Amino acid sequence: MSDSSDDSGLSRREVLALGSGLLVLGATPVTALTASPAAADESPVRQAVTSKVSFLVNGQRRELELDNRTSLLDAMREHLHLTGSKKGCDHGQCGACTMLVDGQRLNSCLTLAIMHQDAEITTIEGLGTPERLHPMQAAFVKYDGYQCGYCTPGQICSAVAVLDEIRQGIPSHASGDIAATPQLSVDELRERMSGNICRCGAYSNIIEAITEVAGERA
Amino acid sequence: MKSFTYERPASPSAAAAAAAAPGARFIAGGTNLLDLMKLEIETPMHLIDVNGLALDSIETTADGGLRIGALVRNTALAADTRVRRDYGVLSRALLAGASGQLRNKATTAGNLLQRTRCPYFYDTNQPCNKRMPGSGCGALEGFSRQHAVIGASDACIATHPSDMAVAMRALDATVETVRPDGSTRRIPIAELHRLPGDTPHIEHALAPGELIAAVTLPRPIGGAQLYYKVRDRASYAFALVSVAAIVQADGSGRVAIGGVAHKPWRVEAAEAELPRGARAVSERLLADARPTHHNAFKLTLVQRTLGAVLAEARA
Ligand SMILES: Cc1cc2nc3c(=O)[nH]c(=O)nc-3n(C[C@H](O)[C@H](O)[C@H](O)COP(=O)(O)OP(=O)(O)OC[C@H]3O[C@@H](n4cnc5c(N)ncnc54)[C@H](O)[C@@H]3O)c2cc1C
Ligand code: SF4
Ligand code: FES
Ligand code: FES
């Protein structure tokens, strides 16, 4: 989905701004061939299709100028080279891209980076380091909560948020009495983790890992 | 995805005014709009980000009801203690939808206006009157297991996918809007979504640029408030059929059904049959049903699901 620059080194915005004049250049960018001069004149084009955004990523302030279309996931992976978060489906259907934003988990593929001005973003890289693993990371290692590992960063970020949601008393579809304080149980964890698909089927080990961390915290 | 410009308006009326421009769209959680933009089913030229509009609180109204801001997230609404206590059917419906991650982003207004999950609507190689008016309907001649059994037309047999909207229909919610000229109006939830008719691409009663500001719920009516959802897997899947019910101790009540029509399906007259049981209610509720041979099972499924709901309500 990125079209930030082309052979001529021009951004799409600049190409649009130049309009038909660009056709005289030797190396004609694809955009100039497809955008007819008439269309460029009609539309109130010269508005920006890129935006500046700054946020705190794993504790560090980062500033970016991004194509408006850039998902939060692509901003992390392609622009900040934080490739821990994975792209499974790019449509909110698998959870591989799960990260924590202002303390809540979300699917970073289904949100625009520029909608997160000043947000505090935590990716798997920010939870812990190989030397100092987050307890949830350590538990996934201990219980073999993965096979290929592709879904794992999303699973771990999600699991950290799940324990937080239970602590905050947020109910789930598995909570029998909706008005009561939700309890920690395997059924609750399975329901709350359902937004993270694992093609390798490591589910039972994942639940064991989360259960151990939940027990330590209780 | 097509390129677009982006703005963050300062007030609801500024947002509505900006949205009157051709090609402009509101973006809230983005969980439905961006999904469709990636497939170029939606191709807005300008996005108006409504997240900064301070429409994210839940307030008690003067008549003892609730006013839910358009930007209240599905998680926050489901977890609100007043909703859990007085409008249990709404909490349960929300928690039966999507995943924890999606509910953290999805908003009250966005959930109401989410578009159908008809696979032919999603597949841009297929004809679809909703996506491309006049191109035909892929589902009518195709595989229609998940499609509507009632209120459909020869142009479109899609369902509305929201769980939350079904509970809101049972609760007689009202949608508050702001129009581009700054005026406001209140739309009963029953009139928000339209049946497909000859114009399945027109899905709701909102005018271009009309912003949903809030959804209000009348005073709590008590009763056993249940939401049962039947789907192909136990979690993180859309409904084949769902039942939202509010059943009072005297056996009277309300029933709205999801997964069967282009809007949450409720027939007030059918509720008079509640004392006679699930079969009587569903026969009345689905009297005009015209299922396909792929989805005729939904008629039985509605009756059995309602039966289970009524059994729990009376237990
Ligand atoms: C994998 C997956 C599974 C899902 N499963 C379920 C499920 O089981 N049950 C269910 O009910 N839903 C489900 N959903 C859908 C989800 O609930 C919706 O995507 C979500 O509620 C949309 O809300 P949003 O705020 O993200 O809307 P957006 O995507 O931001 O907007 C949706 C539409 O509403 C318009 N809009 C937004 N706010 C306003 C406003 N204030 N005024 C006027 N117009 C507005 C937008 O312009 C857009 O047309 C699922 C989604 C995914 C991706
Ligand atoms: S059922 Fe409606 S949405 Fe689906 S293909 Fe037919 S016209 Fe399109
Ligand atoms: S990549 Fe985001 S949910 Fe699959
Ligand atoms: S470990 Fe391979 S997908 Fe989960």
# chains A, B, ... in the order shown; residues from 1 in each chain; ligands from 1
>>> residues_near_ligand(ligand="ligand 4", cutoff="8 Å", atoms="only C-alpha atoms and all ligand atoms", output="PyMOL selection string")
chain A and resi 145-152+197-202
>>> write_last_selection(atoms="N, CA, C and O atoms", output="PDB file, in the first residue's frame")
ATOM      1  N   GLY A 145       4.791 -21.844  24.360  1.00  0.00           N
ATOM      2  CA  GLY A 145       3.524 -21.257  23.914  1.00  0.00           C
ATOM      3  C   GLY A 145       3.534 -20.874  22.448  1.00  0.00           C
ATOM      4  O   GLY A 145       2.917 -19.871  22.061  1.00  0.00           O
ATOM      5  N   TYR A 146       4.250 -21.610  21.631  1.00  0.00           N
ATOM      6  CA  TYR A 146       4.350 -21.295  20.200  1.00  0.00           C
ATOM      7  C   TYR A 146       5.009 -22.464  19.495  1.00  0.00           C
ATOM      8  O   TYR A 146       5.596 -23.361  20.136  1.00  0.00           O
ATOM      9  N   GLN A 147       4.902 -22.447  18.157  1.00  0.00           N
ATOM     10  CA  GLN A 147       5.686 -23.394  17.370  1.00  0.00           C
ATOM     11  C   GLN A 147       6.501 -22.605  16.357  1.00  0.00           C
ATOM     12  O   GLN A 147       7.689 -22.421  16.519  1.00  0.00           O
ATOM     13  N   CYS A 148       5.825 -22.044  15.322  1.00  0.00           N
ATOM     14  CA  CYS A 148       6.580 -21.248  14.346  1.00  0.00           C
ATOM     15  C   CYS A 148       6.900 -19.857  14.896  1.00  0.00           C
ATOM     16  O   CYS A 148       7.847 -19.210  14.456  1.00  0.00           O
ATOM     17  N   GLY A 149       6.084 -19.364  15.820  1.00  0.00           N
ATOM     18  CA  GLY A 149       6.350 -18.081  16.454  1.00  0.00           C
ATOM     19  C   GLY A 149       5.740 -16.871  15.772  1.00  0.00           C
ATOM     20  O   GLY A 149       5.866 -15.756  16.271  1.00  0.00           O
ATOM     21  N   TYR A 150       5.061 -17.092  14.662  1.00  0.00           N
ATOM     22  CA  TYR A 150       4.575 -15.929  13.907  1.00  0.00           C
ATOM     23  C   TYR A 150       3.477 -15.174  14.657  1.00  0.00           C
ATOM     24  O   TYR A 150       3.438 -13.947  14.646  1.00  0.00           O
ATOM     25  N   CYS A 151       2.608 -15.896  15.331  1.00  0.00           N
ATOM     26  CA  CYS A 151       1.503 -15.233  16.040  1.00  0.00           C
ATOM     27  C   CYS A 151       1.939 -14.736  17.411  1.00  0.00           C
ATOM     28  O   CYS A 151       1.195 -14.040  18.086  1.00  0.00           O
ATOM     29  N   THR A 152       3.141 -15.153  17.854  1.00  0.00           N
ATOM     30  CA  THR A 152       3.537 -15.004  19.257  1.00  0.00           C
ATOM     31  C   THR A 152       3.623 -13.558  19.756  1.00  0.00           C
ATOM     32  O   THR A 152       3.111 -13.268  20.847  1.00  0.00           O
ATOM     33  N   ILE A 197      -5.338 -15.721  16.543  1.00  0.00           N
ATOM     34  CA  ILE A 197      -5.372 -17.043  15.925  1.00  0.00           C
ATOM     35  C   ILE A 197      -3.949 -17.612  15.861  1.00  0.00           C
ATOM     36  O   ILE A 197      -3.002 -16.887  15.575  1.00  0.00           O
ATOM     37  N   CYS A 198      -3.826 -18.906  16.125  1.00  0.00           N
ATOM     38  CA  CYS A 198      -2.523 -19.583  16.013  1.00  0.00           C
ATOM     39  C   CYS A 198      -2.666 -20.742  15.049  1.00  0.00           C
ATOM     40  O   CYS A 198      -3.320 -21.730  15.348  1.00  0.00           O
ATOM     41  N   ARG A 199      -2.044 -20.610  13.880  1.00  0.00           N
ATOM     42  CA  ARG A 199      -2.152 -21.677  12.883  1.00  0.00           C
ATOM     43  C   ARG A 199      -1.467 -22.958  13.339  1.00  0.00           C
ATOM     44  O   ARG A 199      -1.782 -24.040  12.886  1.00  0.00           O
ATOM     45  N   CYS A 200      -0.487 -22.814  14.248  1.00  0.00           N
ATOM     46  CA  CYS A 200       0.209 -23.999  14.744  1.00  0.00           C
ATOM     47  C   CYS A 200      -0.587 -24.682  15.855  1.00  0.00           C
ATOM     48  O   CYS A 200      -0.214 -25.766  16.299  1.00  0.00           O
ATOM     49  N   GLY A 201      -1.615 -24.034  16.345  1.00  0.00           N
ATOM     50  CA  GLY A 201      -2.436 -24.657  17.379  1.00  0.00           C
ATOM     51  C   GLY A 201      -1.745 -24.784  18.718  1.00  0.00           C
ATOM     52  O   GLY A 201      -1.878 -25.794  19.417  1.00  0.00           O
ATOM     53  N   ALA A 202      -0.993 -23.772  19.116  1.00  0.00           N
ATOM     54  CA  ALA A 202      -0.299 -23.823  20.412  1.00  0.00           C
ATOM     55  C   ALA A 202      -1.193 -23.370  21.563  1.00  0.00           C
ATOM     56  O   ALA A 202      -0.717 -23.064  22.649  1.00  0.00           O
TER      57      ALA A 202
END
>>> residues_near_ligand(ligand="ligand 2", cutoff="10 Å", atoms="only C-alpha atoms and all ligand atoms", output="ChimeraX atom specification")
/B:115-124,126-142,144,146-148,152-160,196,198-201,262
>>> write_last_selection(atoms="N, CA and C atoms", output="short mmCIF file (atom, residue, chain, number, x, y, z; two decimals), in the first residue's frame")
data_model
loop_
_atom_site.label_atom_id
_atom_site.label_comp_id
_atom_site.auth_asym_id
_atom_site.auth_seq_id
_atom_site.Cartn_x
_atom_site.Cartn_y
_atom_site.Cartn_z
N ARG B 115 -20.86 -2.10 7.61
CA ARG B 115 -21.52 -2.62 6.40
C ARG B 115 -21.58 -4.14 6.42
N THR B 116 -22.34 -4.69 5.50
CA THR B 116 -22.59 -6.14 5.51
C THR B 116 -21.31 -6.95 5.34
N ARG B 117 -21.33 -8.21 5.79
CA ARG B 117 -20.20 -9.10 5.56
C ARG B 117 -20.51 -10.06 4.41
N CYS B 118 -21.48 -9.78 3.58
CA CYS B 118 -21.77 -10.63 2.42
C CYS B 118 -20.48 -10.85 1.63
N PRO B 119 -20.08 -12.12 1.42
CA PRO B 119 -18.80 -12.38 0.74
C PRO B 119 -18.76 -11.86 -0.70
N TYR B 120 -19.91 -11.72 -1.34
CA TYR B 120 -19.93 -11.20 -2.72
C TYR B 120 -19.75 -9.68 -2.72
N PHE B 121 -20.18 -9.05 -1.65
CA PHE B 121 -19.93 -7.62 -1.48
C PHE B 121 -18.42 -7.39 -1.31
N TYR B 122 -17.76 -8.30 -0.59
CA TYR B 122 -16.33 -8.18 -0.33
C TYR B 122 -15.46 -8.57 -1.52
N ASP B 123 -16.01 -9.37 -2.44
CA ASP B 123 -15.20 -9.85 -3.57
C ASP B 123 -15.47 -8.96 -4.78
N THR B 124 -14.51 -8.10 -5.08
CA THR B 124 -14.75 -7.09 -6.13
C THR B 124 -14.82 -7.70 -7.54
N GLN B 126 -17.02 -10.01 -8.15
CA GLN B 126 -18.40 -10.51 -8.22
C GLN B 126 -19.38 -9.36 -8.44
N PRO B 127 -20.51 -9.64 -9.07
CA PRO B 127 -21.54 -8.61 -9.15
C PRO B 127 -22.12 -8.36 -7.77
N CYS B 128 -22.48 -7.12 -7.50
CA CYS B 128 -23.10 -6.78 -6.22
C CYS B 128 -23.79 -5.43 -6.35
N ASN B 129 -25.11 -5.45 -6.18
CA ASN B 129 -25.89 -4.21 -6.31
C ASN B 129 -25.58 -3.21 -5.20
N LYS B 130 -25.10 -3.68 -4.10
CA LYS B 130 -24.78 -2.78 -3.00
C LYS B 130 -23.46 -2.06 -3.27
N ARG B 131 -22.49 -2.80 -3.77
CA ARG B 131 -21.18 -2.21 -4.06
C ARG B 131 -21.20 -1.44 -5.37
N MET B 132 -21.88 -2.02 -6.37
CA MET B 132 -21.95 -1.38 -7.68
C MET B 132 -23.38 -1.47 -8.20
N PRO B 133 -24.20 -0.45 -7.89
CA PRO B 133 -25.62 -0.51 -8.22
C PRO B 133 -25.84 -0.92 -9.68
N GLY B 134 -26.76 -1.86 -9.88
CA GLY B 134 -27.09 -2.29 -11.24
C GLY B 134 -26.28 -3.46 -11.74
N SER B 135 -25.26 -3.90 -10.99
CA SER B 135 -24.40 -4.98 -11.50
C SER B 135 -24.99 -6.36 -11.25
N GLY B 136 -26.03 -6.45 -10.42
CA GLY B 136 -26.61 -7.75 -10.09
C GLY B 136 -26.24 -8.17 -8.69
N CYS B 137 -26.76 -9.32 -8.27
CA CYS B 137 -26.48 -9.82 -6.92
C CYS B 137 -25.85 -11.19 -7.00
N GLY B 138 -24.60 -11.29 -6.61
CA GLY B 138 -23.89 -12.57 -6.66
C GLY B 138 -24.49 -13.60 -5.73
N ALA B 139 -25.04 -13.14 -4.61
CA ALA B 139 -25.51 -14.08 -3.59
C ALA B 139 -26.81 -14.77 -3.99
N LEU B 140 -27.67 -14.07 -4.72
CA LEU B 140 -28.98 -14.64 -5.07
C LEU B 140 -28.81 -15.95 -5.84
N GLU B 141 -27.83 -15.97 -6.75
CA GLU B 141 -27.58 -17.18 -7.53
C GLU B 141 -26.47 -18.01 -6.91
N GLY B 142 -25.86 -17.49 -5.88
CA GLY B 142 -24.67 -18.14 -5.32
C GLY B 142 -24.95 -18.89 -4.04
N SER B 144 -25.79 -18.84 -0.32
CA SER B 144 -26.46 -17.84 0.49
C SER B 144 -26.75 -18.31 1.91
N GLN B 146 -25.41 -17.63 4.74
CA GLN B 146 -25.43 -16.64 5.83
C GLN B 146 -26.36 -15.46 5.54
N HIS B 147 -27.11 -15.50 4.46
CA HIS B 147 -27.87 -14.32 4.04
C HIS B 147 -29.25 -14.22 4.68
N ALA B 148 -29.94 -13.12 4.30
CA ALA B 148 -31.22 -12.77 4.92
C ALA B 148 -32.32 -13.75 4.54
N ALA B 152 -35.82 -9.09 2.53
CA ALA B 152 -34.86 -8.93 1.44
C ALA B 152 -35.60 -8.58 0.14
N SER B 153 -34.85 -8.37 -0.92
CA SER B 153 -35.47 -8.02 -2.20
C SER B 153 -34.80 -8.80 -3.31
N ASP B 154 -35.27 -8.62 -4.52
CA ASP B 154 -34.61 -9.28 -5.65
C ASP B 154 -33.28 -8.62 -5.98
N ALA B 155 -33.03 -7.48 -5.36
CA ALA B 155 -31.76 -6.79 -5.62
C ALA B 155 -30.68 -7.18 -4.62
N CYS B 156 -31.07 -7.56 -3.40
CA CYS B 156 -30.06 -7.80 -2.36
C CYS B 156 -30.66 -8.63 -1.22
N ILE B 157 -29.88 -9.63 -0.76
CA ILE B 157 -30.33 -10.46 0.37
C ILE B 157 -29.31 -10.41 1.51
N ALA B 158 -28.59 -9.29 1.62
CA ALA B 158 -27.55 -9.18 2.65
C ALA B 158 -28.17 -8.99 4.03
N THR B 159 -27.39 -9.33 5.06
CA THR B 159 -27.81 -9.06 6.44
C THR B 159 -26.99 -7.91 7.01
N HIS B 160 -27.53 -7.31 8.07
CA HIS B 160 -26.73 -6.35 8.84
C HIS B 160 -25.98 -7.15 9.89
N PRO B 196 -33.37 -3.39 1.88
CA PRO B 196 -32.63 -3.14 0.63
C PRO B 196 -33.48 -2.61 -0.52
N ASP B 198 -34.99 -1.64 -3.93
CA ASP B 198 -34.28 -1.49 -5.21
C ASP B 198 -32.96 -0.75 -5.05
N THR B 199 -32.69 -0.26 -3.84
CA THR B 199 -31.49 0.57 -3.64
C THR B 199 -30.66 0.06 -2.46
N PRO B 200 -30.13 -1.16 -2.60
CA PRO B 200 -29.40 -1.72 -1.45
C PRO B 200 -28.14 -0.93 -1.06
N HIS B 201 -27.69 -0.04 -1.95
CA HIS B 201 -26.50 0.76 -1.59
C HIS B 201 -26.88 1.88 -0.62
N HIS B 262 -31.69 -7.25 6.70
CA HIS B 262 -30.84 -6.11 6.39
C HIS B 262 -30.80 -5.12 7.55
#
>>> residues_near_ligand(ligand="ligand 1", cutoff="6 Å", atoms="only C-alpha atoms and all ligand atoms", output="PyMOL selection string")
(chain A and resi 92-93) or (chain B and resi 25-33+70+97-98+105-107+109-111+113-114+161-164+211-213+236-238)
>>> write_last_selection(atoms="C-alpha atoms", output="mmCIF file, in the first residue's frame")
data_model
loop_
_atom_site.group_PDB
_atom_site.id
_atom_site.type_symbol
_atom_site.label_atom_id
_atom_site.label_comp_id
_atom_site.auth_asym_id
_atom_site.auth_seq_id
_atom_site.Cartn_x
_atom_site.Cartn_y
_atom_site.Cartn_z
ATOM 1 C CA GLY A 92 -8.372 -7.520 11.749
ATOM 2 C CA GLN A 93 -8.973 -11.250 11.502
ATOM 3 C CA ARG B 25 -16.261 10.268 5.162
ATOM 4 C CA PHE B 26 -16.075 10.126 8.937
ATOM 5 C CA ILE B 27 -13.597 7.752 10.470
ATOM 6 C CA ALA B 28 -14.091 6.582 14.072
ATOM 7 C CA GLY B 29 -12.465 3.293 15.141
ATOM 8 C CA GLY B 30 -11.720 2.605 11.495
ATOM 9 C CA THR B 31 -12.172 -1.148 11.979
ATOM 10 C CA ASN B 32 -14.795 -1.413 9.236
ATOM 11 C CA LEU B 33 -13.966 1.552 7.017
ATOM 12 C CA ALA B 70 -21.062 8.188 19.505
ATOM 13 C CA GLY B 97 -19.181 -9.389 18.951
ATOM 14 C CA ALA B 98 -15.725 -9.308 17.336
ATOM 15 C CA LYS B 105 -11.368 0.415 18.959
ATOM 16 C CA ALA B 106 -14.921 -0.020 17.649
ATOM 17 C CA THR B 107 -17.282 2.844 18.504
ATOM 18 C CA ALA B 109 -21.748 4.955 15.912
ATOM 19 C CA GLY B 110 -19.309 2.963 13.785
ATOM 20 C CA ASN B 111 -20.806 -0.290 15.011
ATOM 21 C CA LEU B 113 -23.115 1.874 10.535
ATOM 22 C CA GLN B 114 -20.823 -1.073 9.786
ATOM 23 C CA PRO B 161 -23.872 -7.843 10.853
ATOM 24 C CA SER B 162 -24.026 -5.863 14.105
ATOM 25 C CA ASP B 163 -24.771 -7.610 17.387
ATOM 26 C CA MET B 164 -25.006 -4.346 19.321
ATOM 27 C CA LEU B 211 -23.014 12.885 12.091
ATOM 28 C CA ILE B 212 -24.213 10.550 14.825
ATOM 29 C CA ALA B 213 -23.529 12.378 18.091
ATOM 30 C CA TYR B 236 -14.761 -14.141 17.055
ATOM 31 C CA ALA B 237 -17.331 -14.922 14.358
ATOM 32 C CA PHE B 238 -20.412 -13.174 13.027
#
>>> interface_residues(of="chain A", to="chain B", cutoff="8 Å", atoms="only C-alpha atoms", output="tab-separated table (two decimals) with C-alpha atoms, in the first residue's frame")
chain	number	residue	atom	x	y	z
A	1	MET	CA	0.00	0.00	0.00
A	47	GLN	CA	-3.86	19.32	-0.27
A	48	ALA	CA	-1.48	17.05	1.54
A	49	VAL	CA	-1.86	13.29	1.28
A	50	THR	CA	0.89	12.94	3.85
A	68	ASN	CA	-2.02	9.17	5.26
A	69	ARG	CA	-2.77	5.58	4.31
A	91	HIS	CA	-7.80	-7.15	8.01
A	92	GLY	CA	-8.37	-7.52	11.75
A	95	GLY	CA	-4.42	-10.68	15.90
A	98	THR	CA	-1.73	-6.75	18.25
A	104	GLN	CA	-5.08	-1.05	25.52
A	105	ARG	CA	-4.60	-3.80	22.96
A	106	LEU	CA	-5.68	-3.20	19.39
A	107	ASN	CA	-5.19	-4.54	15.87
A	110	LEU	CA	-6.84	-1.68	11.13
A	111	THR	CA	-5.90	1.78	12.33
A	112	LEU	CA	-4.06	4.68	10.71
A	115	MET	CA	-4.70	8.92	14.09
A	158	SER	CA	-2.80	-9.56	23.90
A	169	GLY	CA	-13.26	-5.83	36.03
A	170	ILE	CA	-14.16	-5.73	32.33
A	171	PRO	CA	-16.59	-8.62	31.68
A	172	SER	CA	-16.42	-11.05	28.74
A	173	HIS	CA	-18.76	-13.31	26.79
A	178	ILE	CA	-22.55	-9.96	33.59
A	179	ALA	CA	-22.94	-7.65	36.59
A	191	GLU	CA	-12.72	-16.37	25.24
A	192	ARG	CA	-10.63	-13.25	25.84
A	193	MET	CA	-7.77	-14.58	23.70
A	194	SER	CA	-10.03	-15.52	20.77
A	195	GLY	CA	-8.86	-12.52	18.73
>>> residues_around(residues="Arg254 (chain B)", least_positions_apart="5", cutoff="6 Å", atoms="only C-alpha atoms", output="ChimeraX atom specification")
/B:245-246,271
>>> residues_around(residues="Gly259 (chain B)", least_positions_apart="2", cutoff="6 Å", atoms="only C-alpha atoms", output="list in words")
Thr159, Ala239, Leu240 and Val241 of chain B
>>> residues_around(residues="region 284-295 of chain B", least_positions_apart="2", cutoff="7 Å", atoms="only C-alpha atoms", output="CSV table (one decimal) with N, CA, C and O atoms, in the first residue's frame")
chain,number,residue,atom,x,y,z
B,143,PHE,N,-24.0,-18.9,-3.1
B,143,PHE,CA,-24.1,-19.6,-1.9
B,143,PHE,C,-24.6,-18.6,-0.8
B,143,PHE,O,-23.9,-17.6,-0.5
B,144,SER,N,-25.8,-18.8,-0.3
B,144,SER,CA,-26.5,-17.8,0.5
B,144,SER,C,-26.7,-18.3,1.9
B,144,SER,O,-27.7,-17.9,2.5
B,145,ARG,N,-25.9,-19.2,2.4
B,145,ARG,CA,-26.1,-19.7,3.8
B,145,ARG,C,-26.3,-18.7,4.8
B,145,ARG,O,-27.1,-18.8,5.7
B,146,GLN,N,-25.4,-17.6,4.7
B,146,GLN,CA,-25.4,-16.6,5.8
B,146,GLN,C,-26.4,-15.5,5.5
B,146,GLN,O,-26.4,-14.5,6.3
B,147,HIS,N,-27.1,-15.5,4.5
B,147,HIS,CA,-27.9,-14.3,4.0
B,147,HIS,C,-29.3,-14.2,4.7
B,147,HIS,O,-29.7,-15.1,5.5
B,149,VAL,N,-33.2,-14.0,5.5
B,149,VAL,CA,-34.4,-14.8,5.2
B,149,VAL,C,-35.7,-13.9,5.1
B,149,VAL,O,-36.7,-14.4,4.8
B,150,ILE,N,-35.6,-12.7,5.5
B,150,ILE,CA,-36.8,-11.9,5.6
B,150,ILE,C,-36.5,-10.4,5.3
B,150,ILE,O,-35.3,-10.0,5.5
B,267,VAL,N,-40.7,-7.5,15.4
B,267,VAL,CA,-42.1,-7.3,15.1
B,267,VAL,C,-42.9,-7.2,16.4
B,267,VAL,O,-43.0,-8.2,17.1
B,270,ALA,N,-45.6,-9.7,17.3
B,270,ALA,CA,-45.2,-11.0,17.6
B,270,ALA,C,-44.9,-11.2,19.1
B,270,ALA,O,-45.1,-12.3,19.7
B,280,ALA,N,-44.7,-20.0,18.7
B,280,ALA,CA,-45.7,-19.0,18.3
B,280,ALA,C,-45.1,-17.7,18.0
B,280,ALA,O,-45.4,-17.0,17.0
B,281,VAL,N,-44.1,-17.3,18.8
B,281,VAL,CA,-43.4,-16.0,18.5
B,281,VAL,C,-42.7,-16.0,17.2
B,281,VAL,O,-42.9,-15.1,16.4
B,282,SER,N,-41.9,-17.0,17.0
B,282,SER,CA,-41.1,-17.0,15.7
B,282,SER,C,-42.0,-17.2,14.5
B,282,SER,O,-41.7,-16.6,13.4
B,297,PHE,N,-32.6,-23.1,7.0
B,297,PHE,CA,-32.3,-23.6,8.4
B,297,PHE,C,-32.4,-22.5,9.4
B,297,PHE,O,-32.6,-22.8,10.6
B,298,LYS,N,-32.3,-21.3,9.0
B,298,LYS,CA,-32.3,-20.2,10.0
B,298,LYS,C,-33.7,-20.0,10.6
B,298,LYS,O,-33.8,-19.6,11.8
>>> closest_residue(among="A:Leu80, A:Leu66, A:Ile206, A:Cys94", to="ligand 3", atoms="only C-alpha atoms and all ligand atoms")
A:Cys94
>>> atom_distance(atom1="CA of Gly88 (chain A)", atom2="CA of Arg62 (chain A)")
25.0 Å
